[in-house]
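The structure appears right after this line, and notes come after that.
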Amino acid sequence: MSPSSEPRPSADNTRLIVISGRSGSGKSTALHVLEDVGYTCIDNLPASMLVNLLEQIREHREQEALKIAVGIDARNLLGKLEQLPDILDKLSESGINSEVLFLDARTPSLIRRFSETRRRHPLSSDTVDLKEAIALERELLDPIASIASRHIDTSNMTLHQLRDLIKKQIAPEKGDAMAVVFQSFGFKRGVPSDADFVFDVRCLPNPYWKTELRPFNGGDQPVIEFLDSQTDVAAMLADLNGFLTRWIPRFLATNRSYLTIAIGCTGGQHRSVYICNQLADQFRPQFDNIHVLHREQES
């Protein structure tokens, strides 16, 4: 067989992840994680060059499955971001599996991060201050945000939590298994914007009002024993289990890659942590890719 007639990897073996989002939201961290798990990663690529990039990589890889992650953001004014939806549609027609991951954070969080790192925002200038640059960037990136298959709000995440989320949900070891994450949070810090389901457990007995339990969290044995003894807690768990048992498989059947179930209490320390842990334990025997994230507990 001549070199020109040797088989090349089919489009079905190519997975493309486009990473985008506002500056300071964690795009570089996401790309680094994907690089660590075997993706070819390219940052700040003009959108118009995406098709040519894939063709070039295919030319140099014969039968190896391709895993490519590309960072596309507002820094490159020649990127023609408004063309990206059409470009991805063309790639899809050729059989290439692609998804867009959009990272963002609330404006106060982005301002704090730039202030702490003393970095200059790429769109700021002598006439455009930081807050204006952040707002301008949101507008420029709207064509990408509108087609994203996955939005992640990193406002309250540590770098460790973001790395863990990317690795377990976006690039899990079992690529064919939908990632199901149970995330605890505190309503006083806002509802996670990337949650598919949000359940409020503030109606349950609160260990915080037990002075001896206040220093512990929902994963500690004294709090577990207290909540285990509460009839309402058992009823809530039973109802959530029944609802999710019915509906998680429906999401799995639609070939989704991830499903986020957020459980909220007042501070995100006791009840929501306990409920998340209990639900995760209940569903692990049924699903291969179950994860837990406690947003308010710094790792």
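How things are named: the first chain in the structure tokens is A, the next is B, and so on; residues count from 1 in each chain; ligands count from 1 in the order shown.
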Shell of 7 Å around Phe199 (chain A), only C-alpha atoms, local chain residues under 5 positions omitted, as number ranges by chain: A: 262-264
Which of region 163-256 of chain A fall in strand (DSSP E), as a ChimeraX atom specification: /A:179-186,197-200
Residues of region 83-299 of chain A in helix (DSSP H, G or I), written as an NGL selection string: :A and (83-93 or 107-117 or 130-140 or 142-145 or 159-170 or 187-189 or 207-209 or 221-228 or 231-252 or 271-283)
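You can rank A:Gly242, A:Gly21, A:Gly268, A:Gly219 by their closest distance to Val201 (chain A) using only C-alpha atoms, and at the top of that list sits A:Gly268.
One distance worth recording is that between CA of Leu136 (chain A) and CA of His121 (chain A), which is 11.1 Å.
Using only C-alpha atoms for every distance, the candidate list A:Phe226, A:Phe187, A:Phe283, A:Phe114 yields A:Phe226 as the residue closest to Pro205 (chain A).
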Contacts of region 156-164 of chain A at 12 Å (only C-alpha atoms; same-chain gap of 6+ positions) as a ChimeraX atom specification: /A:24-37,103-106,108-110,112-113,170-172,181,183,185-186,188-193,291-299
For the selection just defined, write its residues with N, CA and C atoms to a file, as a compact mmCIF listing (two decimals), in the first residue's frame.
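Saved result, selection23.txt, follows:
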# COMPACT_ATOMS: atom_id res chain seq x y z
N GLY A 24 -9.68 35.57 33.09
CA GLY A 24 -9.72 35.41 34.53
C GLY A 24 -10.68 34.35 35.01
N SER A 25 -11.40 33.70 34.08
CA SER A 25 -12.39 32.71 34.48
C SER A 25 -11.82 31.31 34.63
N GLY A 26 -10.58 31.08 34.17
CA GLY A 26 -9.96 29.77 34.34
C GLY A 26 -9.71 29.01 33.05
N LYS A 27 -9.72 29.68 31.89
CA LYS A 27 -9.52 28.98 30.63
C LYS A 27 -8.16 28.30 30.55
N SER A 28 -7.12 28.98 30.98
CA SER A 28 -5.77 28.39 30.93
C SER A 28 -5.69 27.16 31.80
N THR A 29 -6.33 27.21 32.96
CA THR A 29 -6.35 26.04 33.84
C THR A 29 -7.02 24.87 33.15
N ALA A 30 -8.15 25.12 32.49
CA ALA A 30 -8.87 24.05 31.79
C ALA A 30 -8.00 23.44 30.70
N LEU A 31 -7.32 24.27 29.93
CA LEU A 31 -6.45 23.76 28.86
C LEU A 31 -5.31 22.93 29.43
N HIS A 32 -4.73 23.36 30.55
CA HIS A 32 -3.63 22.62 31.16
C HIS A 32 -4.09 21.24 31.61
N VAL A 33 -5.29 21.16 32.17
CA VAL A 33 -5.82 19.87 32.61
C VAL A 33 -6.01 18.94 31.42
N LEU A 34 -6.59 19.45 30.34
CA LEU A 34 -6.81 18.62 29.16
C LEU A 34 -5.50 18.19 28.54
N GLU A 35 -4.51 19.05 28.57
CA GLU A 35 -3.18 18.69 28.06
C GLU A 35 -2.60 17.55 28.87
N ASP A 36 -2.80 17.58 30.18
CA ASP A 36 -2.27 16.54 31.06
C ASP A 36 -2.90 15.17 30.80
N VAL A 37 -4.13 15.16 30.27
CA VAL A 37 -4.80 13.88 30.02
C VAL A 37 -4.75 13.50 28.54
N LEU A 103 -16.36 29.12 30.13
CA LEU A 103 -16.10 29.44 31.53
C LEU A 103 -16.36 30.91 31.77
N ASP A 104 -16.96 31.20 32.91
CA ASP A 104 -17.25 32.59 33.24
C ASP A 104 -17.26 32.74 34.76
N ALA A 105 -17.29 33.96 35.21
CA ALA A 105 -17.39 34.27 36.64
C ALA A 105 -18.09 35.62 36.75
N ARG A 106 -18.67 35.87 37.91
CA ARG A 106 -19.33 37.14 38.13
C ARG A 106 -18.30 38.27 38.11
N PRO A 108 -17.65 40.93 39.98
CA PRO A 108 -16.84 41.21 41.18
C PRO A 108 -15.72 40.19 41.38
N SER A 109 -15.97 38.92 41.05
CA SER A 109 -14.93 37.89 41.18
C SER A 109 -13.79 38.14 40.20
N LEU A 110 -14.14 38.51 38.96
CA LEU A 110 -13.10 38.78 37.96
C LEU A 110 -12.27 40.00 38.36
N ARG A 112 -11.71 41.08 41.38
CA ARG A 112 -10.86 40.68 42.50
C ARG A 112 -9.65 39.88 42.01
N ARG A 113 -9.86 38.98 41.08
CA ARG A 113 -8.75 38.15 40.58
C ARG A 113 -7.69 38.99 39.88
N ILE A 170 -15.35 16.75 32.11
CA ILE A 170 -15.10 17.02 30.69
C ILE A 170 -14.24 15.94 30.06
N ALA A 171 -13.27 15.41 30.81
CA ALA A 171 -12.37 14.39 30.27
C ALA A 171 -12.24 13.23 31.24
N PRO A 172 -13.35 12.55 31.55
CA PRO A 172 -13.28 11.42 32.48
C PRO A 172 -12.53 10.25 31.88
N VAL A 181 -22.61 14.86 38.76
CA VAL A 181 -21.99 15.51 39.91
C VAL A 181 -23.07 16.01 40.86
N GLN A 183 -23.48 18.57 43.76
CA GLN A 183 -22.78 19.75 44.24
C GLN A 183 -23.55 20.40 45.37
N PHE A 185 -24.02 23.62 48.01
CA PHE A 185 -23.74 25.05 47.96
C PHE A 185 -24.55 25.76 49.02
N GLY A 186 -24.17 27.01 49.30
CA GLY A 186 -24.91 27.85 50.22
C GLY A 186 -25.66 28.93 49.48
N LYS A 188 -26.58 31.71 50.45
CA LYS A 188 -26.11 33.06 50.74
C LYS A 188 -24.99 33.49 49.81
N ARG A 189 -24.40 32.55 49.07
CA ARG A 189 -23.37 32.88 48.08
C ARG A 189 -23.87 32.69 46.66
N GLY A 190 -25.15 32.46 46.50
CA GLY A 190 -25.72 32.38 45.16
C GLY A 190 -25.89 30.96 44.66
N VAL A 191 -26.87 30.78 43.78
CA VAL A 191 -27.14 29.47 43.18
C VAL A 191 -26.16 29.22 42.04
N PRO A 192 -25.57 28.03 41.94
CA PRO A 192 -24.66 27.73 40.82
C PRO A 192 -25.37 27.89 39.48
N SER A 193 -24.79 28.68 38.60
CA SER A 193 -25.46 28.96 37.33
C SER A 193 -25.36 27.79 36.36
N HIS A 291 -19.65 11.96 40.94
CA HIS A 291 -18.68 12.82 41.62
C HIS A 291 -19.40 13.76 42.58
N VAL A 292 -18.66 14.24 43.56
CA VAL A 292 -19.21 15.14 44.57
C VAL A 292 -18.34 16.39 44.64
N LEU A 293 -18.98 17.54 44.67
CA LEU A 293 -18.27 18.82 44.82
C LEU A 293 -18.97 19.63 45.90
N HIS A 294 -18.21 20.00 46.93
CA HIS A 294 -18.75 20.86 47.99
C HIS A 294 -18.20 22.26 47.79
N ARG A 295 -19.01 23.13 47.19
CA ARG A 295 -18.54 24.43 46.73
C ARG A 295 -18.01 25.30 47.84
N GLU A 296 -18.64 25.28 48.99
CA GLU A 296 -18.28 26.21 50.05
C GLU A 296 -17.17 25.70 50.96
N GLN A 297 -16.70 24.50 50.69
CA GLN A 297 -15.62 23.96 51.49
C GLN A 297 -14.33 24.04 50.69
N GLU A 298 -13.47 24.95 51.05
CA GLU A 298 -12.23 25.16 50.31
C GLU A 298 -11.37 23.91 50.38
N SER A 299 -10.81 23.53 49.22
CA SER A 299 -9.94 22.34 49.16
C SER A 299 -8.48 22.75 49.27
Residues within 12 Å of Ala238 (chain A), only C-alpha atoms, excluding chain neighbours under 5 positions, as a ChimeraX atom specification: /A:231-233,243-245,275,278-279,282
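Between CA of Ser146 (chain A) and CA of Lys131 (chain A) there is a distance of 22.0 Å.
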Selected residue, from A:Ser125, A:Ser115, A:Thr40, A:Asn289, that lies nearest to Val180 (chain A) when counting only C-alpha atoms: A:Asn289
